[in-house]
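Visitor: As input, take protein12.cif (mmCIF, C-alpha atoms):
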data_final
#
loop_
_atom_site.label_atom_id
_atom_site.label_comp_id
_atom_site.auth_asym_id
_atom_site.auth_seq_id
_atom_site.Cartn_x
_atom_site.Cartn_y
_atom_site.Cartn_z
CA MET A 895 -1.36 18.83 176.08
CA LEU A 896 -3.76 19.47 173.20
CA SER A 897 -6.80 19.64 175.46
CA ASP A 898 -5.17 22.37 177.62
CA ARG A 899 -4.26 24.45 174.58
CA THR A 900 -7.74 23.99 173.20
CA MET A 901 -9.30 25.26 176.41
CA ASP A 902 -6.90 28.22 176.38
CA LEU A 903 -8.15 29.09 172.89
CA GLY A 904 -11.73 29.09 174.05
CA LEU A 905 -12.66 25.97 172.10
CA ALA A 906 -14.71 24.46 174.88
CA GLU A 907 -18.22 23.59 173.76
CA ASP A 908 -19.89 26.31 175.85
CA HIS A 909 -17.45 29.16 175.12
CA PHE A 910 -19.44 30.66 172.22
CA SER A 911 -22.89 29.45 173.27
CA ARG A 912 -24.27 32.86 174.28
CA PRO A 913 -27.76 33.95 173.17
CA VAL A 914 -28.06 35.13 169.57
CA GLY A 915 -27.29 38.83 169.23
CA SER A 916 -25.02 39.07 172.28
CA PHE A 917 -21.72 38.69 170.41
CA VAL A 918 -19.25 41.57 170.26
CA ALA A 919 -16.20 42.31 168.10
CA SER A 920 -13.87 40.56 170.56
CA ASP A 921 -15.75 37.29 169.95
CA ILE A 922 -14.95 37.46 166.23
CA GLU A 923 -11.29 38.22 166.92
CA GLN A 924 -11.08 35.32 169.39
CA LEU A 925 -12.62 32.99 166.83
CA LYS A 926 -10.11 34.07 164.19
CA LEU A 927 -7.23 33.43 166.59
CA ALA A 928 -8.69 30.07 167.58
CA ILE A 929 -9.05 29.06 163.94
CA GLU A 930 -5.42 29.94 163.16
CA GLU A 931 -4.18 28.04 166.22
CA CYS A 932 -6.34 25.07 165.29
CA LYS A 933 -4.77 24.96 161.82
CA LYS A 934 -1.31 24.94 163.39
CA LEU A 935 -2.28 22.11 165.74
CA ILE A 936 -3.58 20.01 162.86
CA LEU A 937 -0.19 20.26 161.15
CA GLU A 938 1.65 19.34 164.37
CA LEU A 939 -0.40 16.24 165.21
CA PRO A 940 0.32 12.78 163.72
CA GLU A 941 -1.37 12.38 160.34
CA HIS A 942 -4.68 10.44 160.38
CA SER A 943 -4.60 10.23 164.19
CA GLU A 944 -7.83 10.45 166.17
CA ARG A 945 -6.69 13.65 167.84
CA GLN A 946 -6.01 15.23 164.44
CA LYS A 947 -9.48 14.22 163.23
CA ASP A 948 -11.10 15.71 166.34
CA THR A 949 -9.22 18.95 165.83
CA VAL A 950 -10.36 19.12 162.19
CA VAL A 951 -13.97 18.74 163.32
CA LYS A 952 -13.42 21.49 165.88
CA LEU A 953 -11.97 23.72 163.15
CA ILE A 954 -15.08 23.23 161.01
CA HIS A 955 -17.32 24.16 163.93
CA LEU A 956 -15.29 27.30 164.59
CA ARG A 957 -15.50 28.36 160.94
CA LEU A 958 -19.26 27.81 160.94
CA LYS A 959 -19.61 29.93 164.06
CA LEU A 960 -17.43 32.69 162.57
CA GLN A 961 -19.52 32.73 159.40
CA GLU A 962 -22.71 33.04 161.45
CA LEU A 963 -21.28 36.06 163.28
CA LYS A 964 -19.98 37.78 160.12
CA ASP A 965 -22.94 36.94 157.86
CA PRO A 966 -26.04 36.20 160.00
CA GLU A 967 -28.61 34.34 157.89
CA GLU A 968 -31.61 35.84 159.66
CA ASP A 969 -30.63 39.30 158.33
CA GLU A 970 -30.73 38.14 154.70
CA PRO A 971 -34.04 38.67 152.83
CA ASN A 972 -35.62 35.68 151.11
CA LEU A 973 -36.11 37.58 147.83
CA ARG A 974 -33.90 40.21 146.22
CA VAL A 975 -34.43 41.98 142.87
CA LEU A 976 -31.39 43.23 140.96
CA LEU A 977 -30.85 43.99 137.22
CA GLU A 978 -34.14 42.19 136.44
CA HIS A 979 -32.91 39.12 138.33
CA ARG A 980 -35.32 37.78 140.95
CA PHE A 981 -32.98 36.18 143.46
CA SER A 982 -34.39 33.65 145.90
CA LYS A 983 -32.40 32.61 148.95
CA GLU A 984 -31.48 28.94 148.83
CA LYS A 985 -32.31 26.65 151.72
CA SER A 986 -30.11 23.71 150.72
CA LYS A 987 -26.95 23.35 152.78
CA SER A 988 -25.61 20.15 151.20
CA VAL A 989 -25.52 21.06 147.49
CA LYS A 990 -22.16 22.39 146.30
CA GLN A 991 -22.49 25.04 143.59
CA THR A 992 -20.17 27.54 141.90
CA CYS A 993 -20.75 31.29 142.19
CA ASP A 994 -21.38 32.82 138.75
CA LYS A 995 -19.85 36.10 139.85
CA CYS A 996 -16.57 35.16 141.57
CA SER A 997 -16.23 31.63 140.07
CA THR A 998 -15.48 30.10 143.48
CA ILE A 999 -17.33 27.32 145.28
CA ILE A 1000 -20.44 28.13 147.28
CA TRP A 1001 -20.25 26.25 150.59
CA GLY A 1002 -23.90 25.93 151.55
CA LEU A 1003 -23.06 24.94 155.12
CA ILE A 1004 -21.36 28.22 155.96
CA GLN A 1005 -22.41 30.67 153.24
CA THR A 1006 -25.69 32.30 152.25
CA TRP A 1007 -26.38 32.13 148.52
CA TYR A 1008 -29.09 33.02 146.02
CA THR A 1009 -30.44 31.68 142.71
CA CYS A 1010 -32.27 33.77 140.10
CA THR A 1011 -35.65 32.16 139.46
CA GLY A 1012 -35.57 33.40 135.86
CA CYS A 1013 -32.14 32.47 134.48
CA TYR A 1014 -30.73 30.33 137.35
CA TYR A 1015 -27.77 32.66 137.95
CA ARG A 1016 -26.19 31.62 141.28
CA CYS A 1017 -24.04 33.71 143.57
CA HIS A 1018 -22.90 34.30 147.12
CA SER A 1019 -24.83 36.82 149.16
CA LYS A 1020 -21.60 38.83 149.44
CA CYS A 1021 -21.30 38.96 145.62
CA MET A 1022 -24.81 40.32 145.00
CA ASN A 1023 -23.81 43.99 144.85
CA LEU A 1024 -21.00 43.20 142.37
CA ILE A 1025 -23.29 41.69 139.70
CA THR A 1026 -23.25 43.51 136.36
CA LYS A 1027 -25.00 40.93 134.15
CA PRO A 1028 -28.75 41.51 133.65
CA CYS A 1029 -31.11 38.54 133.76
CA VAL A 1030 -31.07 36.56 130.50
CA ARG A 1031 -34.79 35.82 130.94
CA SER A 1032 -35.59 39.46 130.09
CA LYS A 1033 -33.63 39.14 126.82
CA VAL A 1034 -35.60 36.01 125.95
CA SER A 1035 -38.86 37.85 126.66
CA HIS A 1036 -37.97 40.92 124.58
CA GLN A 1037 -35.84 39.34 121.84
CA SER A 1038 -37.01 35.78 121.16
CA GLU A 1039 -34.77 34.98 118.23
CA TYR A 1040 -31.59 33.05 117.59
CA GLU A 1041 -28.33 34.24 116.10
CA LEU A 1042 -28.52 32.46 112.74
CA SER A 1043 -24.98 33.18 111.51
CA ILE A 1044 -22.39 30.51 112.31
CA CYS A 1045 -19.89 31.87 114.87
CA PRO A 1046 -20.10 35.55 113.71
CA GLU A 1047 -16.60 36.55 114.82
CA ILE A 1048 -15.60 40.23 114.70
CA GLY A 1049 -12.03 39.78 115.95
CA LEU A 1050 -10.39 40.38 119.30
CA ASP A 1051 -8.94 43.69 118.11
CA ARG A 1052 -12.49 45.01 117.43
CA GLN A 1053 -13.27 44.12 121.05
CA ASP A 1054 -10.30 46.25 122.14
CA TYR A 1055 -8.77 43.07 123.60
CA ARG A 1056 -11.41 43.03 126.33
CA CYS A 1057 -14.04 40.52 127.44
CA ALA A 1058 -17.27 41.07 125.49
CA GLU A 1059 -19.25 40.98 128.73
CA CYS A 1060 -17.33 42.31 131.74
CA ARG A 1061 -14.70 44.25 129.71
CA ALA A 1062 -11.78 42.67 131.57
CA PRO A 1063 -8.49 42.63 129.57
CA VAL A 1064 -7.96 39.36 127.64
CA SER A 1065 -5.53 37.99 125.06
CA LEU A 1066 -5.01 34.83 123.03
CA ARG A 1067 -1.74 34.27 124.88
CA GLY A 1068 -3.54 34.16 128.23
CA ILE A 1069 -1.95 37.33 129.63
CA PRO A 1070 -3.46 38.73 131.78
CA SER A 1071 -6.45 36.44 131.12
CA GLU A 1072 -7.17 33.82 128.45
CA ALA A 1073 -9.55 34.92 125.66
CA ARG A 1074 -12.17 32.21 125.13
CA GLN A 1075 -14.41 32.31 122.08
CA CYS A 1076 -18.15 31.62 122.32
CA ASP A 1077 -19.27 29.63 119.28
CA TYR A 1078 -22.79 31.10 119.51
CA THR A 1079 -21.98 34.83 119.58
CA GLY A 1080 -18.52 34.63 117.99
CA ARG A 1081 -17.20 37.02 120.66
CA TYR A 1082 -14.31 36.50 123.07
CA TYR A 1083 -14.75 36.32 126.85
CA CYS A 1084 -12.60 36.05 129.97
CA SER A 1085 -12.45 32.86 132.03
CA SER A 1086 -14.91 34.32 134.58
CA CYS A 1087 -17.59 34.82 131.90
CA HIS A 1088 -16.74 31.71 129.83
CA TRP A 1089 -16.39 28.41 131.71
CA ASN A 1090 -16.04 26.22 128.58
CA ASP A 1091 -19.65 25.05 128.86
CA ILE A 1092 -20.93 23.33 125.73
CA ALA A 1093 -24.23 23.63 123.87
CA ILE A 1094 -25.78 22.75 120.51
CA ILE A 1095 -25.61 25.80 118.22
CA PRO A 1096 -28.90 26.55 116.35
CA ALA A 1097 -27.16 28.12 113.32
CA ARG A 1098 -25.05 24.99 112.78
CA VAL A 1099 -28.16 22.81 113.02
CA ILE A 1100 -30.18 24.87 110.55
CA HIS A 1101 -27.46 25.41 107.95
CA ASN A 1102 -25.34 22.25 108.27
CA TRP A 1103 -27.58 19.79 110.18
CA GLU A 1104 -24.74 19.59 112.71
CA PHE A 1105 -25.47 18.71 116.33
CA GLU A 1106 -22.01 18.56 117.87
CA PRO A 1107 -21.98 20.69 121.07
CA ARG A 1108 -19.61 23.66 120.98
CA LYS A 1109 -18.06 25.83 123.68
CA VAL A 1110 -20.18 28.81 124.72
CA CYS A 1111 -20.01 31.53 127.36
CA ARG A 1112 -22.20 31.41 130.46
CA SER A 1113 -24.77 33.93 129.26
CA SER A 1114 -25.14 32.14 125.88
CA MET A 1115 -25.57 28.81 127.64
CA ARG A 1116 -28.43 30.23 129.74
CA TYR A 1117 -30.00 32.00 126.77
CA LEU A 1118 -29.98 28.85 124.63
CA ALA A 1119 -31.43 26.77 127.49
CA LEU A 1120 -34.29 29.25 128.00
CA MET A 1121 -34.94 29.52 124.24
CA MET A 1122 -35.08 25.74 123.73
CA PRO A 1123 -38.86 25.37 124.31
CA ARG A 1124 -39.82 28.47 122.28
CA PRO A 1125 -41.25 27.91 118.75
CA VAL A 1126 -39.24 30.56 116.92
CA LEU A 1127 -37.51 28.65 114.09
CA ARG A 1128 -39.35 29.10 110.78
CA LEU A 1129 -37.27 26.49 109.04
CA LYS A 1130 -39.12 26.69 105.73
CA GLU A 1131 -38.21 30.38 105.46
CA ILE A 1132 -34.66 30.17 106.86
CA ASN A 1133 -33.39 27.15 104.95
CA PRO A 1134 -36.07 25.49 102.76
CA LEU A 1135 -33.45 23.37 100.98
CA LEU A 1136 -32.91 21.41 104.16
CA PHE A 1137 -36.18 19.57 103.51
CA ASN A 1138 -34.62 18.17 100.31
CA PHE A 1139 -31.74 16.58 102.21
CA VAL A 1140 -33.34 15.42 105.49
CA GLU A 1141 -36.21 13.02 104.83
CA GLU A 1142 -37.21 13.00 108.50
CA LEU A 1143 -38.03 16.72 108.30
CA VAL A 1144 -40.58 16.14 105.54
CA GLU A 1145 -42.21 13.38 107.58
CA ILE A 1146 -42.26 15.52 110.72
CA ARG A 1147 -43.73 18.48 108.85
CA LYS A 1148 -46.55 16.30 107.44
CA LEU A 1149 -47.30 14.82 110.87
CA ARG A 1150 -47.41 18.28 112.42
CA GLN A 1151 -49.68 19.63 109.69
CA ASP A 1152 -52.04 16.67 110.13
CA ILE A 1153 -52.14 17.12 113.91
CA LEU A 1154 -52.98 20.81 113.46
CA LEU A 1155 -55.79 19.83 111.09
CA MET A 1156 -57.06 17.45 113.76
CA LYS A 1157 -56.97 20.11 116.45
CA PRO A 1158 -60.33 21.80 115.57
CA TYR A 1159 -62.04 18.44 115.99
CA PHE A 1160 -61.07 18.38 119.67
CA ILE A 1161 -61.47 21.99 120.76
CA THR A 1162 -63.41 25.02 119.62
CA CYS A 1163 -60.92 27.85 119.29
CA LYS A 1164 -59.26 30.24 116.86
CA GLU A 1165 -57.45 28.70 113.94
CA ALA A 1166 -54.20 27.16 115.12
CA MET A 1167 -50.99 29.03 114.35
CA GLU A 1168 -48.86 27.76 111.52
CA ALA A 1169 -46.58 25.03 112.83
CA ARG A 1170 -43.11 26.21 113.78
CA LEU A 1171 -40.29 23.89 114.68
CA LEU A 1172 -38.50 24.05 118.03
CA LEU A 1173 -34.75 23.65 118.35
CA GLN A 1174 -35.53 20.77 120.70
CA ASP A 1175 -37.61 19.24 117.90
CA LEU A 1176 -34.61 19.37 115.55
CA ILE A 1177 -32.46 17.70 118.17
CA ASP A 1178 -35.12 15.03 118.69
CA ILE A 1179 -35.44 14.55 114.92
CA SER A 1180 -31.70 13.88 114.75
CA SER A 1181 -32.02 11.20 117.42
CA GLY A 1182 -35.25 9.73 116.01
CA ARG A 1183 -37.30 10.45 119.16
CA LEU A 1184 -39.63 13.09 117.71
CA SER A 1185 -40.82 10.98 114.80
CA CYS A 1186 -41.92 8.18 117.12
CA SER A 1187 -43.64 10.62 119.46
CA LEU A 1188 -45.57 12.46 116.74
CA THR A 1189 -46.52 9.20 114.98
CA GLU A 1190 -48.05 7.94 118.23
CA ILE A 1191 -50.00 11.20 118.71
CA HIS A 1192 -51.15 11.15 115.08
CA THR A 1193 -52.43 7.58 115.38
CA THR A 1194 -54.27 8.28 118.64
CA PHE A 1195 -55.97 11.44 117.32
CA ALA A 1196 -56.96 9.86 114.01
CA LYS A 1197 -58.46 6.84 115.76
CA HIS A 1198 -60.57 9.07 118.00
CA ILE A 1199 -61.85 11.22 115.12
CA LYS A 1200 -62.53 8.52 112.54
CA LEU A 1201 -63.55 5.53 114.69
CA ASP A 1202 -64.27 6.31 118.34
CA CYS A 1203 -66.21 9.59 118.35
CA GLU A 1204 -69.50 9.99 116.45
CA ARG A 1205 -69.49 13.75 117.01
CA CYS A 1206 -66.10 14.08 115.33
CA GLN A 1207 -67.15 11.75 112.51
CA ALA A 1208 -70.11 14.06 111.81
CA LYS A 1209 -67.65 16.85 111.00
CA GLY A 1210 -66.19 14.86 108.11
CA PHE A 1211 -66.71 15.58 104.37
CA VAL A 1212 -68.19 13.77 101.39
CA CYS A 1213 -66.41 14.36 98.08
CA GLU A 1214 -68.84 16.59 96.13
CA LEU A 1215 -67.10 15.84 92.86
CA CYS A 1216 -67.67 12.07 92.75
CA LYS A 1217 -70.12 11.72 95.68
CA GLU A 1218 -68.65 8.30 96.39
CA GLY A 1219 -66.48 6.65 99.01
CA ASP A 1220 -66.12 6.99 102.77
CA ILE A 1221 -66.23 10.13 104.88
CA LEU A 1222 -63.16 12.26 104.23
CA PHE A 1223 -61.01 14.30 106.62
CA PRO A 1224 -58.44 16.97 105.75
CA PHE A 1225 -55.60 14.98 107.31
CA ASP A 1226 -56.21 11.85 105.20
CA SER A 1227 -53.29 11.09 102.91
CA HIS A 1228 -55.52 10.58 99.82
CA THR A 1229 -57.40 13.89 100.09
CA SER A 1230 -56.99 17.47 98.90
CA VAL A 1231 -58.35 20.56 100.62
CA CYS A 1232 -59.73 23.68 98.93
CA HIS A 1233 -57.60 26.63 100.03
CA ASP A 1234 -60.58 29.02 99.97
CA CYS A 1235 -63.36 27.18 101.81
CA SER A 1236 -61.50 24.16 103.33
CA ALA A 1237 -63.80 21.63 101.65
CA VAL A 1238 -62.25 18.15 101.34
CA PHE A 1239 -62.18 16.02 98.15
CA HIS A 1240 -60.50 12.90 96.88
CA ARG A 1241 -57.10 13.97 95.60
CA ASP A 1242 -57.70 12.32 92.20
CA CYS A 1243 -61.06 14.05 91.81
CA TYR A 1244 -59.88 17.51 92.81
CA TYR A 1245 -56.85 17.61 90.56
CA ASP A 1246 -58.48 15.88 87.57
CA ASN A 1247 -61.61 18.04 87.61
CA SER A 1248 -61.04 21.40 85.90
CA THR A 1249 -64.16 23.01 87.39
CA THR A 1250 -64.09 25.21 90.47
CA CYS A 1251 -64.81 23.93 93.94
CA PRO A 1252 -68.61 23.20 94.18
CA ARG A 1253 -68.76 24.66 97.69
CA CYS A 1254 -67.03 27.88 96.63
CA ALA A 1255 -69.43 28.13 93.68
CA ARG A 1256 -72.47 27.85 95.98
CA MET A 1257 -71.08 30.47 98.34
CA THR A 1258 -70.46 32.86 95.43
CA GLU A 1259 -74.03 32.34 94.18
CA ARG A 1260 -75.47 33.10 97.61
CA LYS A 1261 -73.49 36.33 97.84
CA GLN A 1262 -74.76 37.42 94.41
CA ASP A 1263 -78.37 36.58 95.38
CA ASP A 1264 -78.02 38.60 98.59
CA VAL A 1265 -76.75 41.60 96.61
#
If you convert what's in this file into structure tokens, what do you get?
Guide:
Amino acid sequence: MLSDRTMDLGLAEDHFSRPVGSFVASDIEQLKLAIEECKKLILELPEHSERQKDTVVKLIHLRLKLQELKDPEEDEPNLRVLLEHRFSKEKSKSVKQTCDKCSTIIWGLIQTWYTCTGCYYRCHSKCMNLITKPCVRSKVSHQSEYELSICPEIGLDRQDYRCAECRAPVSLRGIPSEARQCDYTGRYYCSSCHWNDIAIIPARVIHNWEFEPRKVCRSSMRYLALMMPRPVLRLKEINPLLFNFVEELVEIRKLRQDILLMKPYFITCKEAMEARLLLQDLIDISSGRLSCSLTEIHTTFAKHIKLDCERCQAKGFVCELCKEGDILFPFDSHTSVCHDCSAVFHRDCYYDNSTTCPRCARMTERKQDDV
């Protein structure tokens, strides 16, 4: 009978219910034997029968108990630091993840696992000492720039037919391991370092206005994700011709410049940095989301400055060339701003009048009088 054999294997509910810390090596060996016997019983019993289901449940419980004995969770620290990774022990038991080191599934119910709080690298506790990849967050902190060449391939022979990251042997024929190219770095990687993840490539966006996701290695995927919110793309310097072909970019640039001109009206601080586009902005421009968002911000700010707030209105300008019209602001579409003193004039007045800026002239006179 199954129940008799189960009892013989020590599968009774109270067999392994000793106090924590009182287990010995023989307990682990007994559990291993019980697990193997349980697997045999499952194959012998009628498929989908109740007895088979009960035995499967018992097998799961035995495996959980064995894992607790071999890898006790209370001995694992909550925080571990390795190669600039800051690993935090995960509490979730229900989420199924994949280990970035061994590429196998992390079973939260029976295995201890960690996630790096910087780059979100995940791995089993048992794989921690095998990690060779430093945290990508440190690279982002020390080298905040994109690779701006499109897929800068050097050739598999220049890599000595080895993975660009872990140096494992690779080949295009898949022997001993398939060589997979990362579209961001142009290098070739093994299947453990390149899982065929896809990402939008900044160089393709900037040079070709192309947003189709391409296959990238794991480290490139993390690097691009961490770089996404960083304002490091000086598009006007990298590819100024793009503004001639993408009308939305011109509109976005004008909205951004206006919003920066509005900024001093709201806060008292150092002059705002020159606007720099984010990769996320370029993606949003392509989809039309960014234009709507910036237009809404522009309208709200302008309404506050010109209509709702008397203090902000008092910071406006009167055109000193014609001395007519309403109060002017540097972000108005019909105005021009003096590059030297930031005085604001009607655009028609400033360009048609050949004299120097009246405000600059006064400031020059004062300096001469002081001398």
Visitor: Could you name the residues that touch His1228 in chain A at 12 Å or less, counting only C-alpha atoms, but leaving out those on the same chain fewer than 4 positions away, as a list in words?
Guide: Cys1213, Gly1219, Asp1220, Ile1221, Leu1222, Phe1223, Pro1224, Val1238, Phe1239, His1240, Arg1241, Asp1242, Cys1243, Tyr1244 and Tyr1245 of chain A
Visitor: Take the PyMOL selection byres ((chain A and resi 1024-1038) around 12), run it mentally on this structure, and tell me the resulting residues as a PyMOL selection string.
Guide: chain A and resi 975-981+993-996+1009-1023+1039-1041+1058-1061+1087+1112-1127
Visitor: I would like the residues chosen by the PyMOL selection byres ((chain A and resi 1236) around 12) on the shown file; could you give them as a compact mmCIF listing (two decimals) with C-alpha atoms, keeping the file's coordinate frame?
Guide:
# COMPACT_ATOMS: atom_id res chain seq x y z
CA LEU A 1155 -55.79 19.83 111.09
CA GLY A 1210 -66.19 14.86 108.11
CA PHE A 1211 -66.71 15.58 104.37
CA PHE A 1223 -61.01 14.30 106.62
CA PRO A 1224 -58.44 16.97 105.75
CA PHE A 1225 -55.60 14.98 107.31
CA THR A 1229 -57.40 13.89 100.09
CA SER A 1230 -56.99 17.47 98.90
CA VAL A 1231 -58.35 20.56 100.62
CA CYS A 1232 -59.73 23.68 98.93
CA HIS A 1233 -57.60 26.63 100.03
CA ASP A 1234 -60.58 29.02 99.97
CA CYS A 1235 -63.36 27.18 101.81
CA ALA A 1237 -63.80 21.63 101.65
CA VAL A 1238 -62.25 18.15 101.34
CA PHE A 1239 -62.18 16.02 98.15
CA CYS A 1251 -64.81 23.93 93.94
CA PRO A 1252 -68.61 23.20 94.18
CA ARG A 1253 -68.76 24.66 97.69
CA CYS A 1254 -67.03 27.88 96.63
Visitor: Residue by residue, what does the PyMOL selection byres ((chain A and resi 1005) around 8) grab here? Present the result as a count of residues only.
Guide: 11
Visitor: Of the residues A:Glu1072, A:Pro971, A:Arg1128, A:Phe1105, which is the one nearest to Leu1042 in chain A, using only C-alpha atoms?
Guide: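 Ranked by minimum distance to Leu1042 in chain A, first place goes to A:Arg1128.
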Visitor: Can you tell me which residues surround Ala1062 in chain A at a distance of at most 12 Å, considering all atoms listed in the file, apart from same-chain residues fewer than 2 positions away, and format the answer as a list in words?
Guide: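 So, after excluding close chain neighbours, the residues are Gln1053, Asp1054, Tyr1055, Arg1056, Cys1057, Ala1058, Glu1059, Cys1060, Val1064, Ser1065, Ile1069, Pro1070, Ser1071, Glu1072, Ala1073, Tyr1082, Tyr1083, Cys1084, Ser1085, Ser1086 and Cys1087 of chain A.
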Visitor: Go ahead and save the picked residues with C-alpha atoms, as an mmCIF file, in the coordinates of the input.
Guide:
data_model
loop_
_atom_site.group_PDB
_atom_site.id
_atom_site.type_symbol
_atom_site.label_atom_id
_atom_site.label_comp_id
_atom_site.auth_asym_id
_atom_site.auth_seq_id
_atom_site.Cartn_x
_atom_site.Cartn_y
_atom_site.Cartn_z
ATOM 1 C CA GLN A 1053 -13.270 44.120 121.050
ATOM 2 C CA ASP A 1054 -10.300 46.250 122.140
ATOM 3 C CA TYR A 1055 -8.770 43.070 123.600
ATOM 4 C CA ARG A 1056 -11.410 43.030 126.330
ATOM 5 C CA CYS A 1057 -14.040 40.520 127.440
ATOM 6 C CA ALA A 1058 -17.270 41.070 125.490
ATOM 7 C CA GLU A 1059 -19.250 40.980 128.730
ATOM 8 C CA CYS A 1060 -17.330 42.310 131.740
ATOM 9 C CA VAL A 1064 -7.960 39.360 127.640
ATOM 10 C CA SER A 1065 -5.530 37.990 125.060
ATOM 11 C CA ILE A 1069 -1.950 37.330 129.630
ATOM 12 C CA PRO A 1070 -3.460 38.730 131.780
ATOM 13 C CA SER A 1071 -6.450 36.440 131.120
ATOM 14 C CA GLU A 1072 -7.170 33.820 128.450
ATOM 15 C CA ALA A 1073 -9.550 34.920 125.660
ATOM 16 C CA TYR A 1082 -14.310 36.500 123.070
ATOM 17 C CA TYR A 1083 -14.750 36.320 126.850
ATOM 18 C CA CYS A 1084 -12.600 36.050 129.970
ATOM 19 C CA SER A 1085 -12.450 32.860 132.030
ATOM 20 C CA SER A 1086 -14.910 34.320 134.580
ATOM 21 C CA CYS A 1087 -17.590 34.820 131.900
#
Visitor: Would you mind reading off the distance between CA of Trp1103 in chain A and CA of Ser1185 in chain A, one decimal, in Å?
Guide: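 Atom-to-atom, CA of Trp1103 in chain A and CA of Ser1185 in chain A are spaced 16.6 Å apart.
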Visitor: Distance CA of Leu953 in chain A-CA of Ile999 in chain A, one decimal place?
Guide: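 Value for the CA of Leu953 in chain A-CA of Ile999 in chain A distance: 19.0 Å.
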Visitor: So what do you get for CA of Thr1189 in chain A versus CA of Ala1208 in chain A, distance-wise?
Guide: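 Atom-to-atom, CA of Thr1189 in chain A and CA of Ala1208 in chain A are spaced 24.3 Å apart.
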Visitor: So which one's closest to Trp1089 in chain A, A:Val1110, A:Lys1130, A:Leu939, A:Leu960? Using all atoms listed in the file, please.
Guide: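 With all atoms listed in the file as the atom set, the closest residue is A:Val1110.
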Visitor: Let me make sure I understand: among A:His942, A:Tyr1159, A:Tyr1008, A:Glu1047, which one has the smallest atom-to-atom distance to Lys985 in chain A if we use all atoms listed in the file?
Guide: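 Among the listed residues, A:Tyr1008 lies closest to Lys985 in chain A.
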Visitor: Just checking: using all atoms listed in the file, which residue out of A:Leu1050, A:Leu1129, A:Leu1143, A:Val1212 ends up closest to Leu1066 in chain A?
Guide: A:Leu1050
Visitor: Is it possible to get the residues within 12 Å of (-22.6, 20.9, 115.8) (coordinates as in the file, counting all atoms listed in the file) written as a ChimeraX atom specification?
Guide: /A:1044-1045,1077-1078,1092-1109,1177,1180
